[in-house]
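Engineer: Pasting query03.cif here (mmCIF, C-alpha atoms):
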data_work
#
loop_
_atom_site.label_atom_id
_atom_site.label_comp_id
_atom_site.auth_asym_id
_atom_site.auth_seq_id
_atom_site.Cartn_x
_atom_site.Cartn_y
_atom_site.Cartn_z
CA MET A 1 15.63 17.54 -12.21
CA THR A 2 12.46 16.53 -14.00
CA LEU A 3 10.13 13.66 -13.21
CA ALA A 4 9.39 10.92 -15.71
CA CYS A 5 5.98 11.27 -17.34
CA CYS A 6 3.75 9.49 -19.82
CA PRO A 7 4.10 10.71 -23.44
CA ALA A 8 0.34 10.22 -23.99
CA CYS A 9 -1.19 12.00 -20.98
CA SER A 10 1.77 13.60 -19.12
CA HIS A 11 0.85 11.78 -15.91
CA GLU A 12 3.75 10.99 -13.54
CA ARG A 13 2.60 7.65 -12.03
CA LEU A 14 4.61 5.09 -13.97
CA THR A 15 5.32 1.43 -13.37
CA ILE A 16 8.29 -0.49 -14.76
CA SER A 17 7.57 -4.20 -14.89
CA THR A 18 9.28 -7.30 -16.22
CA GLU A 19 8.05 -10.09 -18.44
CA GLN A 20 9.96 -13.37 -18.62
CA LEU A 21 10.45 -14.73 -22.14
CA ALA A 22 11.86 -18.12 -21.10
CA ARG A 23 11.99 -19.54 -24.62
CA VAL A 24 14.67 -17.06 -25.64
CA GLY A 25 16.19 -16.51 -22.18
CA VAL A 26 15.30 -12.84 -22.01
CA THR A 27 13.49 -10.62 -19.55
CA ARG A 28 11.61 -7.79 -21.25
CA LEU A 29 11.21 -4.48 -19.44
CA VAL A 30 7.96 -2.59 -19.96
CA VAL A 31 6.92 0.85 -18.73
CA THR A 32 3.20 1.49 -18.07
CA CYS A 33 1.27 4.64 -17.19
CA ALA A 34 -1.02 4.13 -14.17
CA CYS A 35 -3.41 6.83 -15.38
CA CYS A 36 -4.14 5.99 -19.04
CA ALA A 37 -2.63 2.44 -19.18
CA TYR A 38 -0.30 3.40 -22.07
CA VAL A 39 2.35 0.65 -22.40
CA GLU A 40 5.68 0.70 -24.20
CA PRO A 41 8.68 -1.68 -24.23
CA LEU A 42 11.69 -0.23 -22.42
CA GLY A 43 14.34 -2.82 -23.28
CA TRP A 44 15.53 -6.30 -22.42
CA VAL A 45 17.88 -8.02 -19.98
CA THR A 46 19.75 -11.33 -20.18
CA ARG A 47 22.16 -12.92 -17.72
CA ARG A 48 25.10 -11.33 -19.51
CA ALA A 49 23.80 -8.07 -20.97
CA GLN A 50 21.07 -5.48 -20.98
CA HIS A 51 19.78 -3.16 -23.64
CA LEU A 52 17.54 -0.19 -22.91
CA PHE A 53 15.96 1.52 -25.89
CA PRO A 54 17.33 5.11 -25.93
CA TRP A 55 14.27 6.44 -27.78
CA ALA A 56 11.94 5.01 -25.12
CA LEU A 57 14.03 6.46 -22.30
CA ARG A 58 13.89 9.92 -23.92
CA ARG A 59 10.16 9.67 -24.64
CA TRP A 60 9.29 8.84 -21.06
CA GLY A 61 11.91 11.16 -19.56
CA LEU A 62 13.77 8.33 -17.82
CA GLN A 63 17.30 9.44 -18.71
#
Spit out the file's structure as C-alpha cells when you get a sec.
Structural biologist:
Amino acid sequence: MTLACCPACSHERLTISTEQLARVGVTRLVVTCACCAYVEPLGWVTRRAQHLFPWALRRWGLQ
C-alpha cells in the first residue's frame, strides 16, 4: 500500500476540500498539498451522481 502524495513536492500531507457551486448545483472536490499549497481539481458531485477525474486520482496516488 502506498500513501497519496503531492505530484509537485512528494509531500504526504494532503487535504481534500469541497467548494459549493450553487448556480449549477454542483459541489467541486479539490485536493491541496499542505506543504507547497499545490491545488488541483479532483472531480465534482451532484445529488444524483459523482465524477472523479481518473487522471487526477492517478497523479496524486489516490486510487
Engineer: Can you tell me which residues surround Arg59 in chain A at a distance of at most 9 Å, considering all atoms listed in the file, apart from same-chain residues fewer than 2 positions away, and format the answer as a list of chain:residue names?
Structural biologist: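 Contacts, with the query itself left out: A:Cys5, A:Cys6, A:Pro7, A:Pro54, A:Trp55, A:Ala56, A:Leu57, A:Gly61, A:Leu62.
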Engineer: For the atom pair CA of Glu40 in chain A and CA of Thr27 in chain A, what is the interatomic distance in Å to one decimal place?
Structural biologist: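 Between CA of Glu40 in chain A and CA of Thr27 in chain A the gap is 14.5 Å.
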Engineer: May I ask which of the residues A:Leu3, A:Thr46, A:Val39, A:Arg28 is the closest one to Thr15 in chain A, counting all atoms listed in the file?
Structural biologist: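 Residue with the minimum atom-to-atom distance to Thr15 in chain A: A:Val39.
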Engineer: State, in Å with one decimal place, the distance from CA of Ala8 in chain A to CA of Arg58 in chain A.
Structural biologist: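 Separating CA of Ala8 in chain A from CA of Arg58 in chain A is a distance of 13.6 Å.
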Engineer: I'd like to see the residues matched by the PyMOL selection byres ((chain A and resi 30-34) around 6) on this file, and ideally I'd get them as an MDAnalysis selection string.
Structural biologist: chainID A and resid 13:17 29 35:42
Engineer: Quote the spacing between CA of Glu12 in chain A and CA of Gln50 in chain A in Å to one decimal place.
Structural biologist: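 Here the two named atoms are 25.0 Å from each other.
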Engineer: Name the residues captured by the PyMOL selection byres ((chain A and resi 26) around 12) when it is applied to the shown file; answer as a list in words.
Structural biologist: Thr18, Glu19, Gln20, Leu21, Ala22, Arg23, Val24, Gly25, Thr27, Arg28, Leu29, Gly43, Trp44, Val45, Thr46, Arg47, Arg48, Ala49, Gln50 and His51 of chain A
Engineer: How big is the axis-aligned box around the listed atoms of range 13-26 of chain A once 5 Å is added on each side, and where is its centre? Give both in Å to one decimal, as lines of an AutoDock Vina configuration file.
Structural biologist:
center_x = 9.4
center_y = -5.9
center_z = -18.8
size_x = 23.6
size_y = 37.2
size_z = 23.6
Engineer: Please supply range 22-58 of chain A, rebuilt with N, CA and C atoms, as a PDB file, in the frame of the given file.
Structural biologist:
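Listing of selection18.pdb after writing:
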ATOM      1  N   ALA A  22      10.987 -16.975 -21.401  1.00  0.00           N
ATOM      2  CA  ALA A  22      11.860 -18.120 -21.100  1.00  0.00           C
ATOM      3  C   ALA A  22      12.355 -18.837 -22.354  1.00  0.00           C
ATOM      4  N   ARG A  23      11.573 -18.848 -23.395  1.00  0.00           N
ATOM      5  CA  ARG A  23      11.990 -19.540 -24.620  1.00  0.00           C
ATOM      6  C   ARG A  23      13.279 -18.993 -25.191  1.00  0.00           C
ATOM      7  N   VAL A  24      13.464 -17.687 -25.089  1.00  0.00           N
ATOM      8  CA  VAL A  24      14.670 -17.060 -25.640  1.00  0.00           C
ATOM      9  C   VAL A  24      15.633 -16.611 -24.543  1.00  0.00           C
ATOM     10  N   GLY A  25      15.311 -16.854 -23.288  1.00  0.00           N
ATOM     11  CA  GLY A  25      16.190 -16.510 -22.180  1.00  0.00           C
ATOM     12  C   GLY A  25      16.343 -15.030 -21.938  1.00  0.00           C
ATOM     13  N   VAL A  26      15.264 -14.296 -22.122  1.00  0.00           N
ATOM     14  CA  VAL A  26      15.300 -12.840 -22.010  1.00  0.00           C
ATOM     15  C   VAL A  26      14.208 -12.362 -21.064  1.00  0.00           C
ATOM     16  N   THR A  27      14.498 -11.310 -20.342  1.00  0.00           N
ATOM     17  CA  THR A  27      13.490 -10.620 -19.550  1.00  0.00           C
ATOM     18  C   THR A  27      13.222  -9.278 -20.229  1.00  0.00           C
ATOM     19  N   ARG A  28      11.982  -9.038 -20.579  1.00  0.00           N
ATOM     20  CA  ARG A  28      11.610  -7.790 -21.250  1.00  0.00           C
ATOM     21  C   ARG A  28      11.150  -6.780 -20.210  1.00  0.00           C
ATOM     22  N   LEU A  29      11.627  -5.560 -20.321  1.00  0.00           N
ATOM     23  CA  LEU A  29      11.210  -4.480 -19.440  1.00  0.00           C
ATOM     24  C   LEU A  29      10.148  -3.651 -20.137  1.00  0.00           C
ATOM     25  N   VAL A  30       9.087  -3.340 -19.401  1.00  0.00           N
ATOM     26  CA  VAL A  30       7.960  -2.590 -19.960  1.00  0.00           C
ATOM     27  C   VAL A  30       7.606  -1.470 -19.008  1.00  0.00           C
ATOM     28  N   VAL A  31       7.355  -0.281 -19.547  1.00  0.00           N
ATOM     29  CA  VAL A  31       6.920   0.850 -18.730  1.00  0.00           C
ATOM     30  C   VAL A  31       5.446   1.110 -19.027  1.00  0.00           C
ATOM     31  N   THR A  32       4.648   1.327 -17.955  1.00  0.00           N
ATOM     32  CA  THR A  32       3.200   1.490 -18.070  1.00  0.00           C
ATOM     33  C   THR A  32       2.769   2.731 -17.301  1.00  0.00           C
ATOM     34  N   CYS A  33       1.857   3.491 -17.869  1.00  0.00           N
ATOM     35  CA  CYS A  33       1.270   4.640 -17.190  1.00  0.00           C
ATOM     36  C   CYS A  33       0.090   4.158 -16.342  1.00  0.00           C
ATOM     37  N   ALA A  34       0.060   4.543 -15.068  1.00  0.00           N
ATOM     38  CA  ALA A  34      -1.020   4.130 -14.170  1.00  0.00           C
ATOM     39  C   ALA A  34      -2.310   4.888 -14.447  1.00  0.00           C
ATOM     40  N   CYS A  35      -2.224   6.013 -15.119  1.00  0.00           N
ATOM     41  CA  CYS A  35      -3.410   6.830 -15.380  1.00  0.00           C
ATOM     42  C   CYS A  35      -4.159   6.380 -16.636  1.00  0.00           C
ATOM     43  N   CYS A  36      -3.453   6.303 -17.767  1.00  0.00           N
ATOM     44  CA  CYS A  36      -4.140   5.990 -19.040  1.00  0.00           C
ATOM     45  C   CYS A  36      -3.831   4.588 -19.544  1.00  0.00           C
ATOM     46  N   ALA A  37      -2.994   3.821 -18.832  1.00  0.00           N
ATOM     47  CA  ALA A  37      -2.630   2.440 -19.180  1.00  0.00           C
ATOM     48  C   ALA A  37      -1.837   2.344 -20.486  1.00  0.00           C
ATOM     49  N   TYR A  38      -1.171   3.421 -20.892  1.00  0.00           N
ATOM     50  CA  TYR A  38      -0.300   3.400 -22.070  1.00  0.00           C
ATOM     51  C   TYR A  38       0.916   2.529 -21.744  1.00  0.00           C
ATOM     52  N   VAL A  39       1.268   1.603 -22.627  1.00  0.00           N
ATOM     53  CA  VAL A  39       2.350   0.650 -22.400  1.00  0.00           C
ATOM     54  C   VAL A  39       3.351   0.743 -23.539  1.00  0.00           C
ATOM     55  N   GLU A  40       4.645   0.671 -23.180  1.00  0.00           N
ATOM     56  CA  GLU A  40       5.680   0.700 -24.200  1.00  0.00           C
ATOM     57  C   GLU A  40       6.868  -0.147 -23.721  1.00  0.00           C
ATOM     58  N   PRO A  41       7.496  -0.919 -24.627  1.00  0.00           N
ATOM     59  CA  PRO A  41       8.680  -1.680 -24.230  1.00  0.00           C
ATOM     60  C   PRO A  41       9.832  -0.736 -23.899  1.00  0.00           C
ATOM     61  N   LEU A  42      10.585  -1.078 -22.871  1.00  0.00           N
ATOM     62  CA  LEU A  42      11.690  -0.230 -22.420  1.00  0.00           C
ATOM     63  C   LEU A  42      13.041  -0.834 -22.772  1.00  0.00           C
ATOM     64  N   GLY A  43      13.086  -2.144 -22.947  1.00  0.00           N
ATOM     65  CA  GLY A  43      14.340  -2.820 -23.280  1.00  0.00           C
ATOM     66  C   GLY A  43      14.280  -4.274 -22.865  1.00  0.00           C
ATOM     67  N   TRP A  44      15.452  -4.905 -22.803  1.00  0.00           N
ATOM     68  CA  TRP A  44      15.530  -6.300 -22.420  1.00  0.00           C
ATOM     69  C   TRP A  44      16.779  -6.554 -21.607  1.00  0.00           C
ATOM     70  N   VAL A  45      16.767  -7.638 -20.838  1.00  0.00           N
ATOM     71  CA  VAL A  45      17.880  -8.020 -19.980  1.00  0.00           C
ATOM     72  C   VAL A  45      18.103  -9.521 -20.115  1.00  0.00           C
ATOM     73  N   THR A  46      19.366  -9.923 -20.237  1.00  0.00           N
ATOM     74  CA  THR A  46      19.750 -11.330 -20.180  1.00  0.00           C
ATOM     75  C   THR A  46      20.693 -11.502 -18.999  1.00  0.00           C
ATOM     76  N   ARG A  47      21.199 -12.703 -18.813  1.00  0.00           N
ATOM     77  CA  ARG A  47      22.160 -12.920 -17.720  1.00  0.00           C
ATOM     78  C   ARG A  47      23.457 -12.166 -17.943  1.00  0.00           C
ATOM     79  N   ARG A  48      23.802 -11.943 -19.190  1.00  0.00           N
ATOM     80  CA  ARG A  48      25.100 -11.330 -19.510  1.00  0.00           C
ATOM     81  C   ARG A  48      25.030  -9.889 -19.977  1.00  0.00           C
ATOM     82  N   ALA A  49      23.876  -9.420 -20.385  1.00  0.00           N
ATOM     83  CA  ALA A  49      23.800  -8.070 -20.970  1.00  0.00           C
ATOM     84  C   ALA A  49      22.429  -7.464 -20.746  1.00  0.00           C
ATOM     85  N   GLN A  50      22.362  -6.168 -20.997  1.00  0.00           N
ATOM     86  CA  GLN A  50      21.070  -5.480 -20.980  1.00  0.00           C
ATOM     87  C   GLN A  50      21.071  -4.449 -22.095  1.00  0.00           C
ATOM     88  N   HIS A  51      19.918  -4.174 -22.613  1.00  0.00           N
ATOM     89  CA  HIS A  51      19.780  -3.160 -23.640  1.00  0.00           C
ATOM     90  C   HIS A  51      18.506  -2.372 -23.364  1.00  0.00           C
ATOM     91  N   LEU A  52      18.675  -1.085 -23.103  1.00  0.00           N
ATOM     92  CA  LEU A  52      17.540  -0.190 -22.910  1.00  0.00           C
ATOM     93  C   LEU A  52      17.401   0.652 -24.169  1.00  0.00           C
ATOM     94  N   PHE A  53      16.188   0.775 -24.668  1.00  0.00           N
ATOM     95  CA  PHE A  53      15.960   1.520 -25.890  1.00  0.00           C
ATOM     96  C   PHE A  53      16.106   3.017 -25.613  1.00  0.00           C
ATOM     97  N   PRO A  54      17.106   3.692 -26.218  1.00  0.00           N
ATOM     98  CA  PRO A  54      17.330   5.110 -25.930  1.00  0.00           C
ATOM     99  C   PRO A  54      16.127   5.982 -26.301  1.00  0.00           C
ATOM    100  N   TRP A  55      15.425   5.641 -27.374  1.00  0.00           N
ATOM    101  CA  TRP A  55      14.270   6.440 -27.780  1.00  0.00           C
ATOM    102  C   TRP A  55      13.151   6.341 -26.758  1.00  0.00           C
ATOM    103  N   ALA A  56      12.986   5.171 -26.144  1.00  0.00           N
ATOM    104  CA  ALA A  56      11.940   5.010 -25.120  1.00  0.00           C
ATOM    105  C   ALA A  56      12.318   5.766 -23.854  1.00  0.00           C
ATOM    106  N   LEU A  57      13.581   5.719 -23.475  1.00  0.00           N
ATOM    107  CA  LEU A  57      14.030   6.460 -22.300  1.00  0.00           C
ATOM    108  C   LEU A  57      13.792   7.958 -22.469  1.00  0.00           C
ATOM    109  N   ARG A  58      14.108   8.492 -23.654  1.00  0.00           N
ATOM    110  CA  ARG A  58      13.890   9.920 -23.920  1.00  0.00           C
ATOM    111  C   ARG A  58      12.406  10.269 -23.920  1.00  0.00           C
TER     112      ARG A  58
END
